[in-house]
Structure formats: structure tokens, C-alpha cells
>>> print(open('run_10.cif').read())   # mmCIF, C-alpha atoms
data_structure
loop_
_atom_site.label_atom_id
_atom_site.label_comp_id
_atom_site.auth_asym_id
_atom_site.auth_seq_id
_atom_site.Cartn_x
_atom_site.Cartn_y
_atom_site.Cartn_z
CA MET A 1264 80.82 133.78 69.81
CA TYR A 1265 80.36 130.12 70.79
CA PRO A 1266 80.64 128.37 74.16
CA SER A 1267 84.30 127.69 74.85
CA ALA A 1268 85.67 124.15 75.02
CA LYS A 1269 89.07 122.57 75.49
CA SER A 1270 88.16 119.16 74.10
CA PHE A 1271 85.36 117.18 72.48
CA TYR A 1272 84.50 113.61 71.54
CA LEU A 1273 84.24 112.57 67.90
CA PRO A 1274 81.15 110.71 66.74
CA ASN A 1275 81.79 107.01 66.15
CA LEU A 1276 81.69 107.18 62.37
CA LEU A 1277 83.64 103.96 61.91
CA ALA A 1278 80.88 102.05 63.70
CA LEU A 1279 78.30 103.69 61.43
CA SER A 1280 80.27 102.69 58.32
CA THR A 1281 80.25 98.91 58.73
CA PRO A 1282 78.17 98.41 55.53
CA PHE A 1283 81.31 99.46 53.65
CA LYS A 1284 84.43 97.32 53.56
CA GLY A 1285 87.79 99.05 53.42
CA SER A 1286 90.90 97.84 51.61
CA THR A 1287 94.16 99.23 50.24
CA ASN A 1288 95.76 99.33 46.81
CA PRO A 1289 98.65 96.89 46.32
CA HIS A 1290 100.53 99.46 44.20
CA TYR A 1291 100.75 101.95 47.06
CA THR A 1292 104.43 101.69 48.02
CA LYS A 1293 105.93 102.10 44.55
CA ALA A 1294 103.44 104.60 43.16
CA ALA A 1295 103.44 106.73 46.32
CA ALA A 1296 107.22 107.09 46.23
CA GLU A 1297 107.16 108.09 42.56
CA SER A 1298 104.32 110.58 42.97
CA ARG A 1299 105.88 112.18 46.03
CA ALA A 1300 109.23 112.50 44.27
CA TRP A 1301 107.44 114.08 41.32
CA ILE A 1302 105.66 116.77 43.35
CA ASN A 1303 108.71 117.44 45.52
CA SER A 1304 110.91 117.89 42.45
CA TYR A 1305 109.24 121.28 41.99
CA ASN A 1306 110.38 122.51 45.42
CA ILE A 1307 107.00 124.14 45.84
CA PHE A 1308 106.85 123.68 49.62
CA ALA A 1309 108.87 125.56 52.20
CA ASP A 1310 109.79 123.75 55.41
CA ARG A 1311 106.53 123.89 57.40
CA LYS A 1312 104.32 122.99 54.48
CA ARG A 1313 106.72 120.24 53.41
CA ALA A 1314 106.47 118.65 56.85
CA PHE A 1315 102.68 118.96 56.76
CA PHE A 1316 102.64 117.41 53.28
CA ILE A 1317 104.70 114.44 54.41
CA GLN A 1318 102.61 113.92 57.56
CA GLY A 1319 99.41 113.98 55.55
CA CYS A 1320 100.36 110.96 53.44
CA ASN A 1321 98.12 111.96 50.54
CA GLU A 1322 99.07 108.84 48.60
CA LEU A 1323 97.89 106.62 51.46
CA LEU A 1324 94.48 108.28 51.16
CA VAL A 1325 94.45 107.29 47.49
CA ALA A 1326 95.41 103.73 48.44
CA HIS A 1327 92.38 103.52 50.71
CA THR A 1328 89.94 105.22 48.35
CA TYR A 1329 90.95 103.65 45.02
CA PRO A 1330 92.00 100.14 46.07
CA HIS A 1331 90.79 98.75 42.74
CA ALA A 1332 92.93 100.93 40.44
CA GLU A 1333 95.68 99.43 38.29
CA TYR A 1334 99.19 100.85 38.62
CA GLU A 1335 99.13 103.61 35.96
CA GLU A 1336 95.71 104.87 37.00
CA PHE A 1337 96.64 104.69 40.68
CA ARG A 1338 99.85 106.64 40.13
CA THR A 1339 97.97 109.31 38.16
CA ILE A 1340 95.37 109.71 40.91
CA CYS A 1341 98.19 110.04 43.47
CA ASP A 1342 99.55 112.85 41.32
CA PHE A 1343 96.13 114.50 41.27
CA VAL A 1344 95.63 114.38 45.03
CA ASN A 1345 99.10 115.85 45.51
CA LEU A 1346 98.21 118.57 43.02
CA LEU A 1347 95.00 119.23 44.94
CA PHE A 1348 97.02 119.60 48.12
CA VAL A 1349 99.03 122.36 46.46
CA VAL A 1350 95.92 124.23 45.26
CA ASP A 1351 94.09 123.81 48.58
CA GLU A 1352 96.98 124.79 50.83
CA VAL A 1353 97.94 127.80 48.68
CA SER A 1354 94.36 129.11 48.55
CA ASP A 1355 93.83 128.57 52.29
CA ASP A 1356 96.28 131.42 52.92
CA GLN A 1357 94.94 133.72 50.19
CA ASN A 1358 92.21 136.33 49.95
CA GLY A 1359 89.33 135.85 47.52
CA ALA A 1360 90.94 137.60 44.55
CA ASP A 1361 94.25 135.77 44.90
CA ALA A 1362 92.53 132.40 45.40
CA ARG A 1363 90.61 132.94 42.18
CA ARG A 1364 93.82 133.79 40.32
CA THR A 1365 95.40 130.58 41.62
CA GLY A 1366 92.31 128.70 40.49
CA GLU A 1367 92.45 130.23 37.01
CA VAL A 1368 95.98 128.91 36.54
CA TYR A 1369 94.84 125.41 37.46
CA LEU A 1370 91.73 125.64 35.26
CA ASN A 1371 93.52 126.94 32.18
CA ALA A 1372 96.19 124.25 32.43
CA MET A 1373 93.46 121.60 32.75
CA LYS A 1374 91.37 122.90 29.87
CA TYR A 1375 94.02 123.73 27.31
CA PRO A 1376 96.85 121.32 26.41
CA GLY A 1377 100.23 122.99 26.74
CA TRP A 1378 98.88 126.16 28.39
CA THR A 1379 101.29 127.82 30.80
CA ASP A 1380 101.92 131.12 32.51
CA GLY A 1381 105.39 129.98 33.53
CA SER A 1382 104.33 129.01 37.06
CA LYS A 1383 105.09 125.73 38.78
CA LEU A 1384 101.38 125.16 39.34
CA ALA A 1385 100.70 125.39 35.59
CA LYS A 1386 103.45 122.88 34.81
CA ILE A 1387 102.33 120.45 37.53
CA THR A 1388 98.73 120.65 36.32
CA GLY A 1389 99.73 120.22 32.70
CA GLU A 1390 101.70 117.08 33.47
CA PHE A 1391 98.76 115.60 35.37
CA ARG A 1392 96.40 116.45 32.50
CA GLU A 1393 98.64 114.66 30.03
CA ARG A 1394 98.57 111.49 32.14
CA LEU A 1395 94.81 111.67 32.71
CA THR A 1396 93.83 112.17 29.08
CA ARG A 1397 95.77 109.13 27.84
CA THR A 1398 92.87 106.85 28.75
CA SER A 1399 90.06 109.00 30.18
CA GLY A 1400 86.75 108.65 28.31
CA PRO A 1401 85.25 111.73 26.61
CA CYS A 1402 82.11 111.87 28.77
CA SER A 1403 83.93 111.45 32.07
CA PHE A 1404 86.63 113.97 31.09
CA ARG A 1405 84.01 116.55 30.11
CA ARG A 1406 82.28 116.10 33.45
CA PHE A 1407 85.63 116.25 35.23
CA LEU A 1408 86.41 119.64 33.67
CA LYS A 1409 83.01 120.94 34.83
CA HIS A 1410 83.80 119.72 38.35
CA CYS A 1411 87.13 121.57 38.11
CA GLU A 1412 85.31 124.81 37.31
CA ASP A 1413 82.87 124.34 40.18
CA TYR A 1414 85.70 123.46 42.57
CA ILE A 1415 87.70 126.58 41.75
CA ASP A 1416 84.58 128.75 42.08
CA GLY A 1417 83.92 127.15 45.47
CA VAL A 1418 87.49 127.70 46.63
CA GLY A 1419 87.27 131.36 45.59
CA ARG A 1420 83.99 131.84 47.43
CA GLU A 1421 85.42 130.13 50.52
CA ALA A 1422 88.34 132.58 50.55
CA GLU A 1423 85.96 135.52 50.17
CA TYR A 1424 83.81 134.32 53.09
CA ARG A 1425 86.96 133.80 55.16
CA GLU A 1426 88.13 137.31 54.30
CA ARG A 1427 84.81 138.75 55.51
CA GLY A 1428 84.61 136.45 58.54
CA GLU A 1429 81.26 135.19 57.25
CA VAL A 1430 79.75 131.87 58.37
CA LEU A 1431 77.06 130.52 56.04
CA ASP A 1432 73.71 129.00 56.96
CA MET A 1433 73.53 125.20 56.85
CA GLU A 1434 71.88 124.82 53.45
CA SER A 1435 74.19 127.29 51.71
CA PHE A 1436 77.23 125.72 53.32
CA LYS A 1437 76.20 122.20 52.34
CA HIS A 1438 76.22 123.14 48.67
CA LEU A 1439 79.47 125.10 48.95
CA ARG A 1440 81.18 122.21 50.76
CA ARG A 1441 80.23 119.75 48.07
CA GLU A 1442 82.23 121.84 45.61
CA ASN A 1443 85.16 123.30 47.56
CA SER A 1444 85.95 119.98 49.25
CA ALA A 1445 86.99 118.58 45.85
CA ILE A 1446 85.00 115.42 46.53
CA ARG A 1447 83.30 115.70 43.14
CA LEU A 1448 86.70 115.83 41.48
CA CYS A 1449 87.75 112.71 43.38
CA PHE A 1450 84.52 110.92 42.49
CA GLY A 1451 85.05 112.11 38.93
CA LEU A 1452 88.14 109.91 38.70
CA PHE A 1453 86.28 106.65 39.39
CA GLU A 1454 85.56 106.12 35.71
CA PHE A 1455 89.19 106.77 34.79
CA SER A 1456 90.32 104.33 37.49
CA LEU A 1457 87.91 101.65 36.25
CA GLY A 1458 88.36 102.15 32.52
CA ILE A 1459 84.68 102.99 31.96
CA ASP A 1460 82.79 105.99 30.57
CA LEU A 1461 79.22 106.24 31.84
CA PRO A 1462 76.56 108.11 29.84
CA ASP A 1463 75.14 111.34 31.24
CA GLU A 1464 71.75 109.69 31.81
CA VAL A 1465 73.22 107.78 34.76
CA PHE A 1466 74.31 110.95 36.56
CA GLU A 1467 71.00 112.64 35.74
CA ASN A 1468 68.92 109.85 37.29
CA PRO A 1469 67.34 110.98 40.61
CA VAL A 1470 68.01 107.69 42.41
CA PHE A 1471 71.64 107.67 41.33
CA GLN A 1472 71.93 111.32 42.40
CA ASN A 1473 70.59 110.47 45.87
CA LEU A 1474 73.15 107.68 46.13
CA TYR A 1475 75.96 109.90 44.87
CA TRP A 1476 75.23 112.83 47.19
CA ALA A 1477 74.78 110.61 50.24
CA ALA A 1478 78.27 109.16 49.69
CA ALA A 1479 79.79 112.58 48.94
CA ASP A 1480 78.20 114.17 52.01
CA MET A 1481 79.44 111.32 54.22
CA VAL A 1482 82.98 112.23 53.20
CA CYS A 1483 82.45 115.99 53.65
CA TRP A 1484 80.81 115.82 57.08
CA ALA A 1485 83.33 113.28 58.38
CA ASN A 1486 86.22 115.34 57.08
CA ASP A 1487 84.92 118.48 58.77
CA VAL A 1488 84.50 117.00 62.24
CA TYR A 1489 87.86 115.20 61.99
CA SER A 1490 89.69 118.29 60.74
CA TYR A 1491 88.00 120.77 63.08
CA ASN A 1492 90.86 120.92 65.59
CA MET A 1493 93.46 121.45 62.86
CA GLU A 1494 91.35 124.16 61.22
CA GLN A 1495 90.57 126.02 64.44
CA ALA A 1496 94.27 126.06 65.32
CA LYS A 1497 94.91 127.77 61.96
CA GLY A 1498 92.00 130.18 62.42
CA HIS A 1499 90.06 128.68 59.47
CA THR A 1500 86.92 127.49 61.25
CA GLY A 1501 84.42 129.28 59.00
CA ASN A 1502 84.66 126.62 56.28
CA ASN A 1503 83.61 123.76 58.54
CA ILE A 1504 80.21 122.20 59.22
CA VAL A 1505 80.98 122.11 62.94
CA THR A 1506 81.19 125.91 63.09
CA VAL A 1507 78.11 126.23 60.87
CA LEU A 1508 76.15 123.93 63.18
CA MET A 1509 77.21 125.82 66.32
CA LYS A 1510 76.00 129.06 64.78
CA ALA A 1511 72.80 127.70 63.26
CA LYS A 1512 71.72 125.71 66.31
CA GLY A 1513 73.24 127.88 69.03
CA CYS A 1514 74.94 124.79 70.42
CA ASP A 1515 78.36 123.97 71.82
CA LEU A 1516 81.17 122.05 70.17
CA GLN A 1517 80.21 118.67 71.61
CA ALA A 1518 76.58 119.00 70.54
CA ALA A 1519 77.70 119.92 67.02
CA SER A 1520 79.98 116.88 66.90
CA ASP A 1521 77.13 114.65 68.09
CA TYR A 1522 74.87 116.08 65.40
CA VAL A 1523 77.42 115.20 62.73
CA GLY A 1524 77.19 111.58 63.88
CA GLU A 1525 73.40 111.61 63.71
CA TYR A 1526 73.42 113.18 60.26
CA TYR A 1527 76.04 110.71 59.04
CA ALA A 1528 73.84 107.82 60.19
CA GLY A 1529 70.98 109.27 58.15
CA LEU A 1530 73.20 109.60 55.10
CA MET A 1531 74.17 105.93 55.38
CA GLU A 1532 70.51 104.90 55.59
CA ARG A 1533 69.73 107.02 52.54
CA TYR A 1534 72.63 105.53 50.63
CA LEU A 1535 71.68 101.93 51.34
CA ALA A 1536 68.01 102.53 50.51
CA ASN A 1537 68.79 104.16 47.16
CA ARG A 1538 71.35 101.51 46.24
CA GLU A 1539 68.54 98.97 46.30
CA GLN A 1540 66.36 101.17 44.09
CA LEU A 1541 68.78 101.84 41.23
CA PRO A 1542 67.00 101.46 37.88
CA THR A 1543 68.38 99.62 34.89
CA PHE A 1544 70.23 101.45 32.14
CA GLY A 1545 70.76 98.37 29.97
CA PRO A 1546 72.95 95.31 30.64
CA GLU A 1547 76.31 96.79 29.62
CA VAL A 1548 75.79 100.11 31.41
CA ASP A 1549 74.35 98.36 34.48
CA ALA A 1550 77.57 96.38 34.88
CA ASP A 1551 79.62 99.59 34.78
CA VAL A 1552 77.23 101.33 37.20
CA ARG A 1553 77.69 98.48 39.68
CA ARG A 1554 81.47 98.92 39.46
CA TYR A 1555 81.13 102.67 39.93
CA VAL A 1556 78.88 102.23 42.98
CA ARG A 1557 81.31 99.76 44.55
CA ALA A 1558 84.16 102.20 43.91
CA MET A 1559 82.15 105.02 45.46
CA GLU A 1560 81.78 103.06 48.70
CA ASN A 1561 85.55 102.98 49.13
CA TRP A 1562 85.67 106.72 49.73
CA PRO A 1563 83.68 107.15 52.98
CA ILE A 1564 85.31 104.20 54.74
CA GLY A 1565 88.72 104.83 53.20
CA ASN A 1566 88.69 108.45 54.31
CA LEU A 1567 87.87 107.42 57.89
CA GLU A 1568 90.56 104.76 58.06
CA TRP A 1569 93.19 107.05 56.55
CA SER A 1570 92.37 109.81 59.05
CA PHE A 1571 93.51 107.58 61.91
CA GLU A 1572 96.62 106.26 60.17
CA THR A 1573 98.42 109.57 59.60
CA ASN A 1574 99.31 112.72 61.52
CA ARG A 1575 97.17 114.87 59.21
CA TYR A 1576 94.35 115.63 61.65
CA PHE A 1577 95.30 114.18 65.02
CA GLY A 1578 99.10 114.39 65.02
CA PRO A 1579 101.10 111.61 66.67
CA LEU A 1580 98.12 110.79 68.91
CA HIS A 1581 96.02 109.43 66.04
CA ASP A 1582 95.93 105.89 67.43
CA GLU A 1583 94.83 107.13 70.84
CA VAL A 1584 92.19 109.40 69.31
CA LYS A 1585 90.86 106.45 67.31
CA ARG A 1586 90.55 104.44 70.54
CA THR A 1587 89.06 107.14 72.79
CA ARG A 1588 87.57 109.53 70.20
CA LEU A 1589 88.70 112.38 72.50
CA VAL A 1590 90.20 115.40 70.75
CA VAL A 1591 92.01 118.00 72.87
CA LEU A 1592 91.98 121.36 71.12
CA THR A 1593 95.33 122.72 69.99
CA PRO A 1594 96.17 126.35 70.90
CA ARG A 1595 95.72 128.68 67.98
CA GLU A 1596 98.80 129.28 65.86
CA ASP A 1597 100.40 132.72 65.76
CA PRO A 1598 100.19 134.05 62.20
CA ASP A 1599 103.71 134.87 61.00
CA GLY A 1600 102.79 136.38 57.66
CA ASP A 1601 105.42 134.32 55.84
CA SER A 1602 104.61 132.36 52.71
CA ASP A 1603 105.16 128.64 52.85
CA PHE A 1604 105.27 128.17 49.09
CA GLU A 1605 107.79 128.92 46.42
CA GLU A 1606 106.53 130.55 43.23
#
>>> encode(input="run_10.cif", output="C-alpha cells")
Amino acid sequence: MYPSAKSFYLPNLLALSTPFKGSTNPHYTKAAAESRAWINSYNIFADRKRAFFIQGCNELLVAHTYPHAEYEEFRTICDFVNLLFVVDEVSDDQNGADARRTGEVYLNAMKYPGWTDGSKLAKITGEFRERLTRTSGPCSFRRFLKHCEDYIDGVGREAEYRERGEVLDMESFKHLRRENSAIRLCFGLFEFSLGIDLPDEVFENPVFQNLYWAAADMVCWANDVYSYNMEQAKGHTGNNIVTVLMKAKGCDLQAASDYVGEYYAGLMERYLANREQLPTFGPEVDADVRRYVRAMENWPIGNLEWSFETNRYFGPLHDEVKRTRLVVLTPREDPDGDSDFEE
């Protein structure tokens, strides 16, 4: 359908992200080992998925994106991102109906203490919920549950579109990606990680919303152009802004990649402008909002840095890809029909 290509250059998103300063969490080594041992104790991955899980270094992503979190909160967020990996990877190989059933298990275990259907996913989710609710504030937890519902709905719709081979228009895809990427869930843990509980009026404020969505979209668009090669090799290109752009604009792969860079630059400008225009919510709330905003800035830059430190997207050539920004497309995998997860 689209002009063929064997390689493309990534936009220089790191250069566009200099307003944000990256760092890593000092608790990474200990907490990562504990969280990985916890998720692996369920033997939920078969060999190929286990290797992919290890190469992805989910906990390192958490170290880059929550560098401020204390040990217990950091460990809990590591558990969550590992849980998300399970949900995302399982649903990627499912049709719409099965993806929604997987999502219902996760949702029920998050909503109802002690709920189980006997599955490993229910037990994993229940254990994460117990850790989260020890210190999570009531407002942030309520919002987090709503994000969970929207995420599962987005994952189900993604699977249905994949099943039909449907590629959305840009506006529809933008809204879907905000939900099925799980970025709102990850942002929803900032308050937990900081020990704060912001009132709803903050999230309802138009300036704060502009700030929030600019940061979230930076993560989504960067993730899509970085993961494009991995996704196309798996035959999952429909849920990617690069594919959406090629269809909407009738352009080739390189032009779509270039557009992502231009759009990302605009998102950064929007973010910085709205950060300067944040209204006051009162002295105590303002202090917490400033901490939230600073935490939010860790995600775009942390996601970029992590992408070039692991094999997740670029394999063992990640250092070279960071230097040259050249991505050589991987031949498409042969579907084998075998499940990579244990029930």
C-alpha cells in the first residue's frame, strides 16, 4: 500500500528535548532485581517472550521516568510496568474479543480487592493493587481506576482494528493512542510516587490539560517512530502513528518519520508555553503541582534515553542507531501460531 523502504532515519528527538533533564533512580539495581524475580516467579513467559522481556529492561524505563521515587514507591511502579508488559504483550497476539476478556481480568482485579478468576494475571494484578493502595491518595486512585478502564477499552479497540486490518485517520488515532499506550496510567502514578493527591480542579484546568497532553503526546509519538521497525517485523503496523501518517498524507516512511520530528518540536513548544501560564490553585496545591510538572518532564526524556540503552527497539545496535539515527528494517517474522504465554 505504501512506498517500500529498507531503512529510514529517525528524527533527532533527543536534540529537541534539551529543555528536559534526564536522571536515574538510585534504587534501580535492588528494586529491579526484586520486581523481575516477582514477575518471573509466575512463569508467565515462554522462551521467546522471556527473552524479549529481559531485553526490554522495563525496570530501567522506570528508573529513567521516576528518578524521584523513594524505594517502596519505585519498586511498586516497577511491578506495574512489568504487569503492563504482560497485558500488552498478551493482547498484541489476541483478537478483539479475547483482548477484552484479558482486559476484564485486569480491571476486575484492580477494582475489587481479592477478586480472582484463578488466573496468573488476576493474582499478579491483585498483588500490585495491594501495594499501590497502601499509600495512594483517594483522588489519584479514583482517577487511576478510570485510566485503567480507558486503557483496556483502547487495547480492545486496537485489537479489533488489527483484526479488520483497519488504519485510523490521524485525529481518531491520536485519541486512541493516548489511551492504549498506557501513558495515562503511567502519568497517573506520579502522585503515588510523590506522596501527593491533587484535587480534580487541577486536571480540569485547560492550561494544565494542554501541558499534560503535550507531554503525553511527546511520549506516544516518540515511542511509535522508535518502535516502528519492531512492530512492522511483527506485522502490527496499524497501531502506529508512522503508518497512520503514511496513509493520511500519502507519503513514504522517511517523510512520515520527518513529520514526527516536526510535530514533536511543536509539542515541546506548546508544553513550555503552557508551563509558564499555569494558574494558581492556592499555595499548598501550587507546590504539589510544581512537583507533578517536574515529574511529568522525566517521562519524555527518560523514554528517549531508555530506548537507546536497551535492545527493546533497536536490538544490539542501539548505540549505533543513537549515533547515526539510521534504522534498517528487519524482515517480517513468520507467524508460528504458538502461544508465548502460560495460562
>>> resolve_selection(input="run_10.cif", expression="the PyMOL selection byres ((chain A and resi 1522-1526) around 10)", output="PyMOL selection string")
chain A and resi 1273-1276+1279+1480-1481+1484-1485+1487-1488+1504-1505+1508+1516-1521+1527-1532
>>> closest_residue(input="run_10.cif", among="A:Arg1533, A:Lys1585, A:His1327, A:Arg1441", to="Gly1285 of chain A", atoms="only C-alpha atoms")
A:His1327
>>> closest_residue(input="run_10.cif", among="A:Val1507, A:Ile1446, A:Ile1459, A:Ala1326", to="Pro1401 of chain A", atoms="all atoms listed in the file")
A:Ile1459
>>> atom_distance(input="run_10.cif", atom1="atom CA of Arg1420 of chain A", atom2="atom CA of Phe1348 of chain A")
17.9 Å
>>> closest_residue(input="run_10.cif", among="A:Tyr1555, A:Tyr1375, A:Phe1471, A:Phe1271", to="Tyr1534 of chain A", atoms="all atoms listed in the file")
A:Phe1471
>>> atom_distance(input="run_10.cif", atom1="atom CA of Ile1307 of chain A", atom2="atom CA of Asn1345 of chain A")
11.5 Å
>>> atom_distance(input="run_10.cif", atom1="atom CA of Glu1421 of chain A", atom2="atom CA of Asn1574 of chain A")
24.8 Å
>>> residues_around(input="run_10.cif", residues="Ala1362 of chain A", least_positions_apart="4", cutoff="6 Å", atoms="only C-alpha atoms", output="ChimeraX atom specification")
/A:1354,1357,1419
>>> closest_atom_pairs(input="run_10.cif", of="segment 1507-1602 of chain A", to="segment 1329-1334 of chain A", cutoff="12 Å", atoms="all atoms listed in the file", output="Markdown table")
| residue | atom | partner | partner_atom | distance |
| --- | --- | --- | --- | --- |
| A:Arg1554 | CA | A:His1331 | CA | 9.9 |
| A:Tyr1555 | CA | A:His1331 | CA | 10.8 |
| A:Arg1557 | CA | A:His1331 | CA | 9.7 |
| A:Ala1558 | CA | A:Tyr1329 | CA | 7.0 |
| A:Met1559 | CA | A:Tyr1329 | CA | 8.9 |
| A:Glu1560 | CA | A:Tyr1329 | CA | 9.9 |
| A:Asn1561 | CA | A:Tyr1329 | CA | 6.8 |
| A:Trp1562 | CA | A:Tyr1329 | CA | 7.7 |
| A:Pro1563 | CA | A:Tyr1329 | CA | 11.3 |
| A:Ile1564 | CA | A:Tyr1329 | CA | 11.3 |
| A:Gly1565 | CA | A:Tyr1329 | CA | 8.6 |
| A:Asn1566 | CA | A:Tyr1329 | CA | 10.7 |
>>> residues_near_point(input="run_10.cif", point="(98.0, 106.7, 34.5)", cutoff="12 Å", atoms="only C-alpha atoms", output="CSV table (one decimal) with C-alpha atoms, in the coordinates of the input")
chain,number,residue,atom,x,y,z
A,1294,ALA,CA,103.4,104.6,43.2
A,1298,SER,CA,104.3,110.6,43.0
A,1332,ALA,CA,92.9,100.9,40.4
A,1333,GLU,CA,95.7,99.4,38.3
A,1334,TYR,CA,99.2,100.8,38.6
A,1335,GLU,CA,99.1,103.6,36.0
A,1336,GLU,CA,95.7,104.9,37.0
A,1337,PHE,CA,96.6,104.7,40.7
A,1338,ARG,CA,99.8,106.6,40.1
A,1339,THR,CA,98.0,109.3,38.2
A,1340,ILE,CA,95.4,109.7,40.9
A,1341,CYS,CA,98.2,110.0,43.5
A,1342,ASP,CA,99.6,112.8,41.3
A,1343,PHE,CA,96.1,114.5,41.3
A,1390,GLU,CA,101.7,117.1,33.5
A,1391,PHE,CA,98.8,115.6,35.4
A,1392,ARG,CA,96.4,116.4,32.5
A,1393,GLU,CA,98.6,114.7,30.0
A,1394,ARG,CA,98.6,111.5,32.1
A,1395,LEU,CA,94.8,111.7,32.7
A,1396,THR,CA,93.8,112.2,29.1
A,1397,ARG,CA,95.8,109.1,27.8
A,1398,THR,CA,92.9,106.8,28.8
A,1399,SER,CA,90.1,109.0,30.2
A,1452,LEU,CA,88.1,109.9,38.7
A,1455,PHE,CA,89.2,106.8,34.8
A,1456,SER,CA,90.3,104.3,37.5
A,1457,LEU,CA,87.9,101.6,36.2
A,1458,GLY,CA,88.4,102.2,32.5
>>> closest_residue(input="run_10.cif", among="A:Val1353, A:Met1373, A:Val1325, A:Leu1592", to="Tyr1491 of chain A", atoms="all atoms listed in the file")
A:Leu1592
>>> resolve_selection(input="run_10.cif", expression="the PyMOL selection byres ((chain A and resi 1428-1440) around 8)", output="PyMOL selection string")
chain A and resi 1417+1421+1424-1427+1441-1444+1483+1501-1502+1504+1506-1508+1510-1511
>>> resolve_selection(input="run_10.cif", expression="the PyMOL selection byres ((chain A and resi 1577) around 12)", output="PDB file with C-alpha atoms, keeping the file's coordinate frame")
ATOM      1  CA  LEU A1273      84.240 112.570  67.900  1.00  0.00           C
ATOM      2  CA  GLN A1318     102.610 113.920  57.560  1.00  0.00           C
ATOM      3  CA  GLY A1319      99.410 113.980  55.550  1.00  0.00           C
ATOM      4  CA  VAL A1488      84.500 117.000  62.240  1.00  0.00           C
ATOM      5  CA  TYR A1489      87.860 115.200  61.990  1.00  0.00           C
ATOM      6  CA  SER A1490      89.690 118.290  60.740  1.00  0.00           C
ATOM      7  CA  TYR A1491      88.000 120.770  63.080  1.00  0.00           C
ATOM      8  CA  ASN A1492      90.860 120.920  65.590  1.00  0.00           C
ATOM      9  CA  MET A1493      93.460 121.450  62.860  1.00  0.00           C
ATOM     10  CA  GLU A1494      91.350 124.160  61.220  1.00  0.00           C
ATOM     11  CA  ALA A1496      94.270 126.060  65.320  1.00  0.00           C
ATOM     12  CA  TRP A1569      93.190 107.050  56.550  1.00  0.00           C
ATOM     13  CA  SER A1570      92.370 109.810  59.050  1.00  0.00           C
ATOM     14  CA  PHE A1571      93.510 107.580  61.910  1.00  0.00           C
ATOM     15  CA  GLU A1572      96.620 106.260  60.170  1.00  0.00           C
ATOM     16  CA  THR A1573      98.420 109.570  59.600  1.00  0.00           C
ATOM     17  CA  ASN A1574      99.310 112.720  61.520  1.00  0.00           C
ATOM     18  CA  ARG A1575      97.170 114.870  59.210  1.00  0.00           C
ATOM     19  CA  TYR A1576      94.350 115.630  61.650  1.00  0.00           C
ATOM     20  CA  GLY A1578      99.100 114.390  65.020  1.00  0.00           C
ATOM     21  CA  PRO A1579     101.100 111.610  66.670  1.00  0.00           C
ATOM     22  CA  LEU A1580      98.120 110.790  68.910  1.00  0.00           C
ATOM     23  CA  HIS A1581      96.020 109.430  66.040  1.00  0.00           C
ATOM     24  CA  ASP A1582      95.930 105.890  67.430  1.00  0.00           C
ATOM     25  CA  GLU A1583      94.830 107.130  70.840  1.00  0.00           C
ATOM     26  CA  VAL A1584      92.190 109.400  69.310  1.00  0.00           C
ATOM     27  CA  LYS A1585      90.860 106.450  67.310  1.00  0.00           C
ATOM     28  CA  ARG A1588      87.570 109.530  70.200  1.00  0.00           C
ATOM     29  CA  LEU A1589      88.700 112.380  72.500  1.00  0.00           C
ATOM     30  CA  VAL A1590      90.200 115.400  70.750  1.00  0.00           C
ATOM     31  CA  VAL A1591      92.010 118.000  72.870  1.00  0.00           C
ATOM     32  CA  LEU A1592      91.980 121.360  71.120  1.00  0.00           C
ATOM     33  CA  THR A1593      95.330 122.720  69.990  1.00  0.00           C
TER      34      THR A1593
END
